[in-house]
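**Student:** Before we start, here is the structure in question, set down as structure tokens.
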Amino acid sequence: MTIYDSRTRASRLFQPLHPPRVGLYVCGLTPYAPAHVGHGRTFVFFDVVARALRRWGYRVFYVQNVTNLDDKLIARAAEEGSDPLALAERHFGDYRHAMERLGVRSVNYYPFATDYVPEIIGQIGALVDRGLAYRSEDGSVYYEVAKFPSYGELSGQKVEKLRPGARVEVDPHKRSPEDFAIWKAATPGEPSWESPWGPGRPGWHVEDTAITEHLLGARYDLHGAAVDLIFPHHEAEIAIAEGASGLAPLAAFWMHGGLLLLSGEKMSKSLGNILPLDTAIERAGPGPLRFYYINSQYRSPLDFDPEKSLSESAEAYARLRQPFDRIQQALALGGDDRPGEEAPAGLAEAAGELVDQLDTTLAEDFNTREAIASLFGWSRRLSELGERLDRLGGPALVRLRAPYDWAREVLGLLEEGAAAPSGNWSKMVGVAIAARARARARGDFAEADRIRDELQRAGVVLEDGTSGTRWKPVRTE
RNA sequence: GCCGAGGUGGCAGAAUGGUUAAUGCGACGGACUGCAGAUCCGUUUCCUGGGGGUUCGAUUCCCUCCCUCGGCUCCA
């Protein structure tokens, strides 16, 4: 399999440092506010990465940190009169719930920054000892970028060309504007810890590096996040970790996902164009939203259109899953061994071949979009069977379901709202359908429509076809 | 200004040095239906930002220009 490494700007064959184990680290969020749709894209994508690697036999240890203390959290907590750590805890809980609904279950561990203060202090100490960091008069510790020659390599920046103060004011305690804080001197009333440099709290970048060094080692396989973190965050991570350990590269592969834009622009508080993740989930349902996220190449920018994106995805997703739902319903009612016809010649074999092809496709830098296109092809082939699909026996259906099973396992699609009806319930529906059929036969359409409406209210949709009436549960997501 | 990512049909969005540039949405037509809905099938020929170059052949590789988005010190 190949993965695009943004540090070397090229795709390479992926080989773990310590097979079969794979260390995967993804920059999590700073839960100072509810998560928005953009966050969903990044974390759903890396969920697919972890699922795929596991399917291919790797033992993935997936770590996603939580920056539970920083300037924004402190500021927000002060506004609300609450505690920053508690505020972070609350938003993080909401985030986990949203991820659960989206089918993101691959993360092994969500370390909180404040649980790693000793490790952070240790790493800062190593940097100070090596002369890469200095303590300023105010009790903060800064990383001295000039001491790390390859600084800027990841982002292609030259330190001299940076515009100091373009967005954030230059800190007067720094020797040089590009230096960054790894330890921030304590401010009264804010959480702080004792350290060799005086009381304070960790800077952002060093949280991640201390955590990864502790959990994944000085070097690990995959580091993921969205592109907006390349500079300065990942640049700083490299400087800290490689500077402290003397080992490089920190991550064998740097994976950067494209941003999700809202009507062409990045979501930001100042523009006031934030669509909360929960709102998007409510509006579209988790399945269509997840489908939307991975229905593009992860490195491309994705322009979210509030008017169209979700409804379009819902339509497409419904079409994709149509044959799958029919199979699932048939198996739920008749069992995996239900009697019936054999699969048409070659089709069961084609299902197996498609699964192989899906693995191959995904193994090329996680091309979820191509895989989904192939799945649509499969849905079309099954749809072309028409009502013959409903007459197939259990073993045939199970074999034809294989590509969908793959989609569930790896892409995390088709997992939700399967709403398999119970046997008793389906008997009652069968009785009602039979009664309606008699009413239709004698021309009593008022009675027929009454039965249809009643079933609709009970959560069952009827579809009249050439060889009788089919039904399915109303999907509630 | 510097760095990075992009520019593909009505829209979203893939791919490839070489038949008809995938897939989906939408639209149109048809099948099915008592009606509706759902579903299915078909059609959607003139779509790769502009200009150069390399090549038998470029959407793909190179140069250049234009445009959009992102980053330029605490953004997924």
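Convention: chains lettered A, B, ... in structure tokens order; per-chain residue numbering from 1; ligands numbered from 1 as shown.
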Find the residues near Pro403 in chain A: any atom within 10 Å, counting only C-alpha atoms (C1' of nucleotides), skip ones fewer than 2 places away on the same chain, and give them as a PyMOL selection string.

**Tutor:** chain A and resi 324+350-358+374-375+378-379+399-401+405-409

**Student:** Extract, using only C-alpha atoms (C1' of nucleotides), all DNA, RNA and protein residues at most 7 Å from Arg201 in chain A, discarding same-chain residues fewer than 2 positions from it, and format them as a PDB file with N, CA, C and O atoms, in the first residue's frame.

**Tutor:**
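So the final result, stored in result.pdb, reads:
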```
ATOM      1  N   TRP A 183       6.606  26.423  27.530  1.00  0.00           N
ATOM      2  CA  TRP A 183       6.137  26.499  28.925  1.00  0.00           C
ATOM      3  C   TRP A 183       5.716  27.932  29.194  1.00  0.00           C
ATOM      4  O   TRP A 183       6.494  28.857  28.907  1.00  0.00           O
ATOM      5  N   LYS A 184       4.482  28.098  29.657  1.00  0.00           N
ATOM      6  CA  LYS A 184       3.973  29.450  29.869  1.00  0.00           C
ATOM      7  C   LYS A 184       3.914  29.763  31.359  1.00  0.00           C
ATOM      8  O   LYS A 184       3.276  29.026  32.127  1.00  0.00           O
ATOM      9  N   ALA A 185       4.555  30.836  31.721  1.00  0.00           N
ATOM     10  CA  ALA A 185       4.583  31.227  33.132  1.00  0.00           C
ATOM     11  C   ALA A 185       3.157  31.382  33.658  1.00  0.00           C
ATOM     12  O   ALA A 185       2.263  31.831  32.947  1.00  0.00           O
ATOM     13  N   ALA A 186       2.978  30.998  34.919  1.00  0.00           N
ATOM     14  CA  ALA A 186       1.639  30.977  35.517  1.00  0.00           C
ATOM     15  C   ALA A 186       1.047  32.375  35.597  1.00  0.00           C
ATOM     16  O   ALA A 186       1.749  33.358  35.843  1.00  0.00           O
ATOM     17  N   SER A 192      -2.050  25.880  37.069  1.00  0.00           N
ATOM     18  CA  SER A 192      -0.598  25.865  36.845  1.00  0.00           C
ATOM     19  C   SER A 192       0.036  24.701  37.587  1.00  0.00           C
ATOM     20  O   SER A 192      -0.569  24.119  38.483  1.00  0.00           O
ATOM     21  N   TRP A 193       1.257  24.361  37.162  1.00  0.00           N
ATOM     22  CA  TRP A 193       2.012  23.265  37.756  1.00  0.00           C
ATOM     23  C   TRP A 193       3.408  23.777  38.089  1.00  0.00           C
ATOM     24  O   TRP A 193       3.910  24.702  37.435  1.00  0.00           O
ATOM     25  N   GLY A 203       2.872  24.709  26.820  1.00  0.00           N
ATOM     26  CA  GLY A 203       2.486  25.302  25.546  1.00  0.00           C
ATOM     27  C   GLY A 203       1.826  24.226  24.699  1.00  0.00           C
ATOM     28  O   GLY A 203       1.860  23.033  25.028  1.00  0.00           O
TER      29      GLY A 203
END
```

**Student:** For G52 in chain B, which residue out of B:A38, B:C65, B:C74, B:C2 is the nearest one, using only C-alpha atoms (C1' of nucleotides)?

**Tutor:**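 The shortest atom-to-atom distance to G52 in chain B comes from B:C65.
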
**Student:** With only C-alpha atoms (C1' of nucleotides) as the counted atoms, please give the residues lying no more than 9 Å from A58 in chain B, apart from itself and same-chain residues fewer than 3 positions off, as a PyMOL selection string.

**Tutor:** chain B and resi 17+55+61

**Student:** Can I get the selection written as a short mmCIF file (atom, residue, chain, number, x, y, z; two decimals), in the first residue's frame, with C-alpha atoms (C1' of nucleotides)?

**Tutor:**
```cif
data_model
loop_
_atom_site.label_atom_id
_atom_site.label_comp_id
_atom_site.auth_asym_id
_atom_site.auth_seq_id
_atom_site.Cartn_x
_atom_site.Cartn_y
_atom_site.Cartn_z
"C1'" G B 17 1.11 9.61 -21.00
"C1'" U B 55 5.66 13.80 -27.09
"C1'" C B 61 5.05 15.78 -17.51
#
```

**Student:** Please, which residues in chain B fall within 9 Å of range 266-275 of chain A when counting only C-alpha atoms (C1' of nucleotides), and what is the closest atom pair and distance in Å to one decimal for each, ordered by chain then residue number, as JSON lines?

**Tutor:**
```
{"residue": "B:C69", "atom": "C1'", "partner": "A:Lys266", "partner_atom": "CA", "distance": 8.1}
{"residue": "B:G70", "atom": "C1'", "partner": "A:Lys266", "partner_atom": "CA", "distance": 8.0}
{"residue": "B:C75", "atom": "C1'", "partner": "A:Ser268", "partner_atom": "CA", "distance": 8.5}
```

**Student:** Write the selection just made, keeping N, CA and C atoms (P, O5', C5', C4', C3', O3' and C1' of nucleotides), as a tab-separated table (two decimals), in the first residue's frame?

**Tutor:**
```tsv
chain	number	residue	atom	x	y	z
B	69	C	P	-11.17	33.17	-2.03
B	69	C	O5'	-10.67	31.87	-1.28
B	69	C	C5'	-11.60	30.87	-0.90
B	69	C	C4'	-10.87	29.65	-0.40
B	69	C	C3'	-9.89	29.90	0.74
B	69	C	O3'	-10.53	30.02	1.99
B	69	C	C1'	-8.86	28.53	-0.87
B	70	G	P	-9.86	30.88	3.11
B	70	G	O5'	-8.65	29.96	3.57
B	70	G	C5'	-8.90	28.70	4.19
B	70	G	C4'	-7.60	27.96	4.38
B	70	G	C3'	-6.53	28.68	5.17
B	70	G	O3'	-6.76	28.62	6.56
B	70	G	C1'	-5.56	27.72	3.25
B	75	C	P	-5.43	28.27	17.36
B	75	C	O5'	-5.26	26.94	16.46
B	75	C	C5'	-6.00	25.81	16.77
B	75	C	C4'	-7.22	25.81	15.91
B	75	C	C3'	-7.36	24.55	15.06
B	75	C	O3'	-8.69	24.14	15.03
B	75	C	C1'	-7.22	26.48	13.68
```

**Student:** Once you count only C-alpha atoms (C1' of nucleotides), what closest atom pair and distance in Å to one decimal does each residue of chain A within 6 Å of chain B have, with rows by chain and rising residue number, as CSV?

**Tutor:**
```
residue,atom,partner,partner_atom,distance
A:His39,CA,B:A76,C1',4.7
A:Thr42,CA,B:A76,C1',5.7
A:Gly156,CA,B:C3,C1',5.6
A:Gln157,CA,B:C3,C1',5.3
A:Lys161,CA,B:C2,C1',5.5
A:Leu162,CA,B:C72,C1',5.6
A:Arg163,CA,B:C72,C1',5.9
A:Trp204,CA,B:C74,C1',5.8
A:Ala226,CA,B:A76,C1',5.1
A:Pro232,CA,B:U73,C1',5.9
A:Glu312,CA,B:C25,C1',5.5
A:Ala373,CA,B:U23,C1',4.5
A:Glu463,CA,B:A38,C1',5.7
```

**Student:** Dump N, CA, C and O atoms for the selected residues as a tab-separated table (two decimals), in the first residue's frame?

**Tutor:**
```tsv
chain	number	residue	atom	x	y	z
A	39	HIS	N	-14.54	19.48	11.56
A	39	HIS	CA	-13.87	18.50	12.40
A	39	HIS	C	-14.30	17.09	12.01
A	39	HIS	O	-13.48	16.17	11.95
A	42	THR	N	-12.28	15.37	9.15
A	42	THR	CA	-10.94	14.90	9.50
A	42	THR	C	-11.00	13.60	10.31
A	42	THR	O	-10.30	12.63	10.01
A	156	GLY	N	7.71	24.13	3.97
A	156	GLY	CA	8.36	24.83	2.88
A	156	GLY	C	8.61	26.30	3.17
A	156	GLY	O	8.87	27.08	2.26
A	157	GLN	N	8.53	26.65	4.45
A	157	GLN	CA	8.73	28.05	4.82
A	157	GLN	C	10.20	28.33	5.08
A	157	GLN	O	10.93	27.47	5.58
A	161	LYS	N	11.43	34.60	5.63
A	161	LYS	CA	10.31	35.11	4.83
A	161	LYS	C	9.01	35.18	5.61
A	161	LYS	O	7.99	35.64	5.10
A	162	LEU	N	9.01	34.65	6.81
A	162	LEU	CA	7.79	34.69	7.60
A	162	LEU	C	7.46	36.13	7.97
A	162	LEU	O	8.34	36.97	8.08
A	163	ARG	N	6.21	36.36	8.13
A	163	ARG	CA	5.78	37.70	8.53
A	163	ARG	C	5.44	37.70	10.01
A	163	ARG	O	4.33	37.36	10.39
A	204	TRP	N	1.24	24.64	23.60
A	204	TRP	CA	0.44	23.71	22.80
A	204	TRP	C	1.30	22.60	22.17
A	204	TRP	O	1.05	21.41	22.35
A	226	ALA	N	-5.51	17.93	9.79
A	226	ALA	CA	-5.87	18.70	8.61
A	226	ALA	C	-4.73	19.67	8.26
A	226	ALA	O	-3.87	19.94	9.09
A	232	PRO	N	1.93	26.65	12.29
A	232	PRO	CA	3.22	26.30	12.88
A	232	PRO	C	3.22	24.96	13.64
A	232	PRO	O	4.29	24.49	14.01
A	312	GLU	N	-28.07	16.02	-1.25
A	312	GLU	CA	-27.51	15.26	-2.35
A	312	GLU	C	-26.88	13.95	-1.85
A	312	GLU	O	-27.08	12.89	-2.43
A	373	ALA	N	-17.28	4.59	-5.69
A	373	ALA	CA	-17.74	4.49	-7.08
A	373	ALA	C	-17.93	3.02	-7.46
A	373	ALA	O	-18.90	2.65	-8.12
A	463	GLU	N	-44.38	-0.61	-1.17
A	463	GLU	CA	-44.02	-0.35	-2.56
A	463	GLU	C	-44.67	-1.40	-3.43
A	463	GLU	O	-44.36	-2.58	-3.34
```

**Student:** Would you pick out the contacts of Arg438 in chain A at 10 Å or less, using only C-alpha atoms (C1' of nucleotides), so that residues sharing its chain but fewer than 6 positions from it are not included, and give the list as a PDB file with all heavy atoms, in the first residue's frame?

**Tutor:**
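Contents of out.pdb, freshly written:
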```pdb
ATOM      1  N   ALA A 432     -51.677  -7.420   6.870  1.00  0.00           N
ATOM      2  CA  ALA A 432     -52.226  -6.140   6.418  1.00  0.00           C
ATOM      3  C   ALA A 432     -52.066  -5.993   4.907  1.00  0.00           C
ATOM      4  O   ALA A 432     -52.982  -5.512   4.214  1.00  0.00           O
ATOM      5  CB  ALA A 432     -51.511  -4.992   7.140  1.00  0.00           C
ATOM      6  N   ASP A 444     -61.769  -1.522  -4.009  1.00  0.00           N
ATOM      7  CA  ASP A 444     -62.014  -0.650  -2.853  1.00  0.00           C
ATOM      8  C   ASP A 444     -60.735   0.086  -2.499  1.00  0.00           C
ATOM      9  O   ASP A 444     -60.033  -0.255  -1.555  1.00  0.00           O
ATOM     10  CB  ASP A 444     -62.500  -1.504  -1.667  1.00  0.00           C
ATOM     11  CG  ASP A 444     -62.913  -0.635  -0.479  1.00  0.00           C
ATOM     12  OD1 ASP A 444     -62.719   0.605  -0.557  1.00  0.00           O
ATOM     13  OD2 ASP A 444     -63.392  -1.193   0.507  1.00  0.00           O
ATOM     14  N   GLU A 447     -60.265   1.803   1.027  1.00  0.00           N
ATOM     15  CA  GLU A 447     -59.816   0.886   2.070  1.00  0.00           C
ATOM     16  C   GLU A 447     -58.322   0.575   1.890  1.00  0.00           C
ATOM     17  O   GLU A 447     -57.559   0.552   2.854  1.00  0.00           O
ATOM     18  CB  GLU A 447     -60.637  -0.413   2.015  1.00  0.00           C
ATOM     19  CG  GLU A 447     -60.148  -1.537   2.909  1.00  0.00           C
ATOM     20  CD  GLU A 447     -60.284  -1.226   4.403  1.00  0.00           C
ATOM     21  OE1 GLU A 447     -60.834  -0.141   4.735  1.00  0.00           O
ATOM     22  OE2 GLU A 447     -59.826  -2.039   5.222  1.00  0.00           O
ATOM     23  N   ALA A 448     -57.907   0.377   0.641  1.00  0.00           N
ATOM     24  CA  ALA A 448     -56.503   0.073   0.356  1.00  0.00           C
ATOM     25  C   ALA A 448     -55.608   1.219   0.819  1.00  0.00           C
ATOM     26  O   ALA A 448     -54.572   1.003   1.451  1.00  0.00           O
ATOM     27  CB  ALA A 448     -56.320  -0.184  -1.138  1.00  0.00           C
TER      28      ALA A 448
END
```

**Student:** Using only C-alpha atoms, which residue out of A:Arg290, A:Tyr404, A:Thr2, A:Ile121 lies closest to Arg101 in chain A?

**Tutor:** A:Arg290

**Student:** Rounded to one decimal, what separation in Å do you get between CA of Leu397 in chain A and CA of Glu341 in chain A?

**Tutor:**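 Separating CA of Leu397 in chain A from CA of Glu341 in chain A is a distance of 9.6 Å.
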
**Student:** Please provide the set of residues having any atom within 8 Å of Val227 in chain A, restricted to only C-alpha atoms (C1' of nucleotides), with same-chain residues fewer than 4 positions apart removed, written as an MDAnalysis selection string.

**Tutor:** (chainID A and resid 256:259) or (chainID B and resid 70)

**Student:** Residues of range 382-443 of chain A classed as alpha helix (DSSP H) by DSSP on the backbone are to be reported as an MDAnalysis selection string.

**Tutor:** chainID A and resid 382:384 394:400 402:406 423:441

**Student:** Please save C-alpha atoms of the selected residues as a PDB file, in the first residue's frame.

**Tutor:**
```
ATOM      1  CA  LEU A 382     -27.823  -6.139  -8.018  1.00  0.00           C
ATOM      2  CA  SER A 383     -30.617  -3.753  -8.914  1.00  0.00           C
ATOM      3  CA  GLU A 384     -30.540  -5.051 -12.464  1.00  0.00           C
ATOM      4  CA  GLY A 394     -29.749 -17.181   2.080  1.00  0.00           C
ATOM      5  CA  PRO A 395     -26.291 -18.445   1.086  1.00  0.00           C
ATOM      6  CA  ALA A 396     -26.476 -16.609  -2.228  1.00  0.00           C
ATOM      7  CA  LEU A 397     -27.565 -13.407  -0.535  1.00  0.00           C
ATOM      8  CA  VAL A 398     -24.755 -13.637   1.983  1.00  0.00           C
ATOM      9  CA  ARG A 399     -22.213 -14.011  -0.786  1.00  0.00           C
ATOM     10  CA  LEU A 400     -23.633 -11.110  -2.771  1.00  0.00           C
ATOM     11  CA  ALA A 402     -19.752  -9.238   0.619  1.00  0.00           C
ATOM     12  CA  PRO A 403     -18.942  -5.822  -0.893  1.00  0.00           C
ATOM     13  CA  TYR A 404     -21.379  -4.196   1.516  1.00  0.00           C
ATOM     14  CA  ASP A 405     -19.836  -6.089   4.398  1.00  0.00           C
ATOM     15  CA  TRP A 406     -16.544  -4.622   3.286  1.00  0.00           C
ATOM     16  CA  GLY A 423     -40.563 -11.932  12.730  1.00  0.00           C
ATOM     17  CA  ASN A 424     -43.854 -11.350  14.540  1.00  0.00           C
ATOM     18  CA  TRP A 425     -44.070  -7.828  13.341  1.00  0.00           C
ATOM     19  CA  SER A 426     -43.496  -8.866   9.782  1.00  0.00           C
ATOM     20  CA  LYS A 427     -46.324 -11.393  10.031  1.00  0.00           C
ATOM     21  CA  MET A 428     -48.703  -8.618  10.994  1.00  0.00           C
ATOM     22  CA  VAL A 429     -47.484  -6.504   8.128  1.00  0.00           C
ATOM     23  CA  GLY A 430     -48.006  -9.487   5.842  1.00  0.00           C
ATOM     24  CA  VAL A 431     -51.598  -9.827   7.020  1.00  0.00           C
ATOM     25  CA  ALA A 432     -52.226  -6.140   6.418  1.00  0.00           C
ATOM     26  CA  ILE A 433     -50.697  -6.310   2.959  1.00  0.00           C
ATOM     27  CA  ALA A 434     -52.874  -9.287   2.110  1.00  0.00           C
ATOM     28  CA  ALA A 435     -55.973  -7.436   3.289  1.00  0.00           C
ATOM     29  CA  ARG A 436     -55.006  -4.457   1.195  1.00  0.00           C
ATOM     30  CA  ALA A 437     -54.428  -6.676  -1.824  1.00  0.00           C
ATOM     31  CA  ARG A 438     -57.977  -8.031  -1.497  1.00  0.00           C
ATOM     32  CA  ALA A 439     -59.363  -4.514  -1.199  1.00  0.00           C
ATOM     33  CA  ARG A 440     -57.476  -3.457  -4.307  1.00  0.00           C
ATOM     34  CA  ALA A 441     -58.709  -6.527  -6.155  1.00  0.00           C
TER      35      ALA A 441
END
```

**Student:** Give me the residues near Ala77 in chain A as a list of chain:residue names, where near means some atom within 9 Å (using only C-alpha atoms (C1' of nucleotides)) and where sequence neighbours in that chain fewer than 5 positions away do not count.

**Tutor:**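 Close residues of Ala77 in chain A: A:Tyr32, A:Lys72, A:Ser82, A:Asp83, A:Pro84, A:Leu85, A:Ala86, A:Leu87.
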
**Student:** Could you please take those selected residues and save N, CA, C and O atoms as a short mmCIF file (atom, residue, chain, number, x, y, z; two decimals), in the first residue's frame?

**Tutor:**
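Saved the output as selection-v7.cif:
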```
data_model
loop_
_atom_site.label_atom_id
_atom_site.label_comp_id
_atom_site.auth_asym_id
_atom_site.auth_seq_id
_atom_site.Cartn_x
_atom_site.Cartn_y
_atom_site.Cartn_z
N TYR A 32 -12.92 23.92 23.27
CA TYR A 32 -13.37 25.16 23.91
C TYR A 32 -14.74 25.57 23.40
O TYR A 32 -15.36 26.49 23.90
N LYS A 72 -7.58 29.67 24.72
CA LYS A 72 -8.98 29.80 24.34
C LYS A 72 -9.90 29.23 25.41
O LYS A 72 -10.96 29.78 25.70
N SER A 82 -16.79 29.60 34.47
CA SER A 82 -16.61 28.19 34.80
C SER A 82 -15.13 27.84 34.81
O SER A 82 -14.27 28.70 34.58
N ASP A 83 -14.85 26.59 35.03
CA ASP A 83 -13.48 26.12 35.11
C ASP A 83 -13.05 25.61 33.73
O ASP A 83 -13.78 24.86 33.08
N PRO A 84 -11.87 26.00 33.25
CA PRO A 84 -11.47 25.60 31.90
C PRO A 84 -11.41 24.08 31.71
O PRO A 84 -11.80 23.57 30.65
N LEU A 85 -10.92 23.37 32.71
CA LEU A 85 -10.81 21.92 32.58
C LEU A 85 -12.20 21.28 32.50
O LEU A 85 -12.42 20.33 31.73
N ALA A 86 -13.13 21.82 33.28
CA ALA A 86 -14.49 21.28 33.25
C ALA A 86 -15.16 21.60 31.93
O ALA A 86 -15.90 20.78 31.37
N LEU A 87 -14.89 22.79 31.43
CA LEU A 87 -15.45 23.19 30.13
C LEU A 87 -14.96 22.25 29.03
O LEU A 87 -15.73 21.78 28.18
#
```

**Student:** Ranking A:Gly287, A:Gly412, A:Pro301, A:Pro473 by minimum distance to G7 in chain B and counting only C-alpha atoms (C1' of nucleotides), which one comes first?

**Tutor:**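 Using only C-alpha atoms (C1' of nucleotides), the shortest distance to G7 in chain B belongs to A:Pro301.
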
**Student:** Can you pull out every residue within 12 Å of Ser140 in chain A, counting only C-alpha atoms (C1' of nucleotides), but drop anything in the same chain fewer than 3 positions away, and send it as a PDB file with N, CA and C atoms, in the first residue's frame?

**Tutor:**
```pdb
ATOM      1  N   ILE A 124      10.694  19.311  27.943  1.00  0.00           N
ATOM      2  CA  ILE A 124      11.206  20.683  27.955  1.00  0.00           C
ATOM      3  C   ILE A 124      12.613  20.703  28.555  1.00  0.00           C
ATOM      4  N   VAL A 128      16.048  22.200  27.021  1.00  0.00           N
ATOM      5  CA  VAL A 128      16.871  23.208  27.692  1.00  0.00           C
ATOM      6  C   VAL A 128      18.296  22.686  27.833  1.00  0.00           C
ATOM      7  N   ALA A 133      16.269  25.406  23.945  1.00  0.00           N
ATOM      8  CA  ALA A 133      15.201  26.209  24.521  1.00  0.00           C
ATOM      9  C   ALA A 133      15.787  27.071  25.632  1.00  0.00           C
ATOM     10  N   TYR A 134      15.149  28.170  25.926  1.00  0.00           N
ATOM     11  CA  TYR A 134      15.645  29.085  26.953  1.00  0.00           C
ATOM     12  C   TYR A 134      14.491  29.599  27.801  1.00  0.00           C
ATOM     13  N   ARG A 135      14.844  29.934  29.036  1.00  0.00           N
ATOM     14  CA  ARG A 135      13.855  30.496  29.948  1.00  0.00           C
ATOM     15  C   ARG A 135      13.963  32.015  29.866  1.00  0.00           C
ATOM     16  N   SER A 136      12.819  32.672  29.766  1.00  0.00           N
ATOM     17  CA  SER A 136      12.838  34.133  29.739  1.00  0.00           C
ATOM     18  C   SER A 136      12.647  34.657  31.162  1.00  0.00           C
ATOM     19  N   GLU A 137      12.810  35.970  31.329  1.00  0.00           N
ATOM     20  CA  GLU A 137      12.729  36.566  32.673  1.00  0.00           C
ATOM     21  C   GLU A 137      11.374  36.333  33.317  1.00  0.00           C
ATOM     22  N   TYR A 143      11.201  27.858  22.723  1.00  0.00           N
ATOM     23  CA  TYR A 143      12.023  27.059  21.819  1.00  0.00           C
ATOM     24  C   TYR A 143      12.757  28.035  20.911  1.00  0.00           C
ATOM     25  N   ASP A 171       5.521  38.328  20.943  1.00  0.00           N
ATOM     26  CA  ASP A 171       5.757  38.306  22.381  1.00  0.00           C
ATOM     27  C   ASP A 171       7.122  38.933  22.678  1.00  0.00           C
ATOM     28  N   PRO A 172       7.154  39.971  23.499  1.00  0.00           N
ATOM     29  CA  PRO A 172       8.420  40.674  23.750  1.00  0.00           C
ATOM     30  C   PRO A 172       9.443  39.851  24.516  1.00  0.00           C
ATOM     31  N   HIS A 173       9.019  38.751  25.128  1.00  0.00           N
ATOM     32  CA  HIS A 173       9.975  37.939  25.888  1.00  0.00           C
ATOM     33  C   HIS A 173      10.807  37.020  25.008  1.00  0.00           C
ATOM     34  N   LYS A 174      10.459  36.924  23.750  1.00  0.00           N
ATOM     35  CA  LYS A 174      11.183  36.009  22.873  1.00  0.00           C
ATOM     36  C   LYS A 174      12.471  36.649  22.367  1.00  0.00           C
ATOM     37  N   ASP A 179      10.420  32.184  17.606  1.00  0.00           N
ATOM     38  CA  ASP A 179      10.466  31.289  18.761  1.00  0.00           C
ATOM     39  C   ASP A 179       9.046  31.092  19.303  1.00  0.00           C
ATOM     40  N   PHE A 180       8.853  29.925  19.896  1.00  0.00           N
ATOM     41  CA  PHE A 180       7.496  29.685  20.417  1.00  0.00           C
ATOM     42  C   PHE A 180       7.559  29.140  21.837  1.00  0.00           C
ATOM     43  N   ALA A 181       6.491  29.420  22.584  1.00  0.00           N
ATOM     44  CA  ALA A 181       6.448  29.045  24.001  1.00  0.00           C
ATOM     45  C   ALA A 181       6.197  27.552  24.155  1.00  0.00           C
ATOM     46  N   ILE A 182       6.995  26.904  24.972  1.00  0.00           N
ATOM     47  CA  ILE A 182       6.714  25.515  25.316  1.00  0.00           C
ATOM     48  C   ILE A 182       6.307  25.406  26.788  1.00  0.00           C
ATOM     49  N   TRP A 183       6.606  26.423  27.530  1.00  0.00           N
ATOM     50  CA  TRP A 183       6.137  26.499  28.925  1.00  0.00           C
ATOM     51  C   TRP A 183       5.716  27.932  29.194  1.00  0.00           C
ATOM     52  N   LYS A 184       4.482  28.098  29.657  1.00  0.00           N
ATOM     53  CA  LYS A 184       3.973  29.450  29.869  1.00  0.00           C
ATOM     54  C   LYS A 184       3.914  29.763  31.359  1.00  0.00           C
ATOM     55  N   ALA A 185       4.555  30.836  31.721  1.00  0.00           N
ATOM     56  CA  ALA A 185       4.583  31.227  33.132  1.00  0.00           C
ATOM     57  C   ALA A 185       3.157  31.382  33.658  1.00  0.00           C
ATOM     58  N   ALA A 186       2.978  30.998  34.919  1.00  0.00           N
ATOM     59  CA  ALA A 186       1.639  30.977  35.517  1.00  0.00           C
ATOM     60  C   ALA A 186       1.047  32.375  35.597  1.00  0.00           C
ATOM     61  N   THR A 187      -0.244  32.435  35.389  1.00  0.00           N
ATOM     62  CA  THR A 187      -1.013  33.649  35.614  1.00  0.00           C
ATOM     63  C   THR A 187      -1.918  33.368  36.806  1.00  0.00           C
ATOM     64  N   SER A 195       7.410  23.637  38.129  1.00  0.00           N
ATOM     65  CA  SER A 195       8.403  23.135  37.179  1.00  0.00           C
ATOM     66  C   SER A 195       9.758  23.712  37.557  1.00  0.00           C
ATOM     67  N   PRO A 196      10.820  23.168  36.980  1.00  0.00           N
ATOM     68  CA  PRO A 196      12.160  23.712  37.262  1.00  0.00           C
ATOM     69  C   PRO A 196      12.286  25.185  36.872  1.00  0.00           C
ATOM     70  N   TRP A 197      11.363  25.690  36.059  1.00  0.00           N
ATOM     71  CA  TRP A 197      11.462  27.080  35.593  1.00  0.00           C
ATOM     72  C   TRP A 197      10.440  27.965  36.279  1.00  0.00           C
ATOM     73  N   GLY A 198       9.796  27.400  37.279  1.00  0.00           N
ATOM     74  CA  GLY A 198       8.766  28.132  37.990  1.00  0.00           C
ATOM     75  C   GLY A 198       7.393  27.619  37.614  1.00  0.00           C
ATOM     76  N   PRO A 199       6.374  28.092  38.329  1.00  0.00           N
ATOM     77  CA  PRO A 199       5.016  27.607  38.054  1.00  0.00           C
ATOM     78  C   PRO A 199       4.547  28.061  36.680  1.00  0.00           C
ATOM     79  N   GLY A 200       3.772  27.171  36.048  1.00  0.00           N
ATOM     80  CA  GLY A 200       3.271  27.524  34.717  1.00  0.00           C
ATOM     81  C   GLY A 200       2.441  26.401  34.148  1.00  0.00           C
ATOM     82  N   ARG A 201       2.223  26.472  32.841  1.00  0.00           N
ATOM     83  CA  ARG A 201       1.454  25.424  32.155  1.00  0.00           C
ATOM     84  C   ARG A 201       2.074  25.171  30.782  1.00  0.00           C
ATOM     85  N   PRO A 202       1.777  24.014  30.196  1.00  0.00           N
ATOM     86  CA  PRO A 202       2.436  23.654  28.941  1.00  0.00           C
ATOM     87  C   PRO A 202       1.984  24.528  27.769  1.00  0.00           C
ATOM     88  N   GLY A 203       2.872  24.709  26.820  1.00  0.00           N
ATOM     89  CA  GLY A 203       2.486  25.302  25.546  1.00  0.00           C
ATOM     90  C   GLY A 203       1.826  24.226  24.699  1.00  0.00           C
TER      91      GLY A 203
END
```
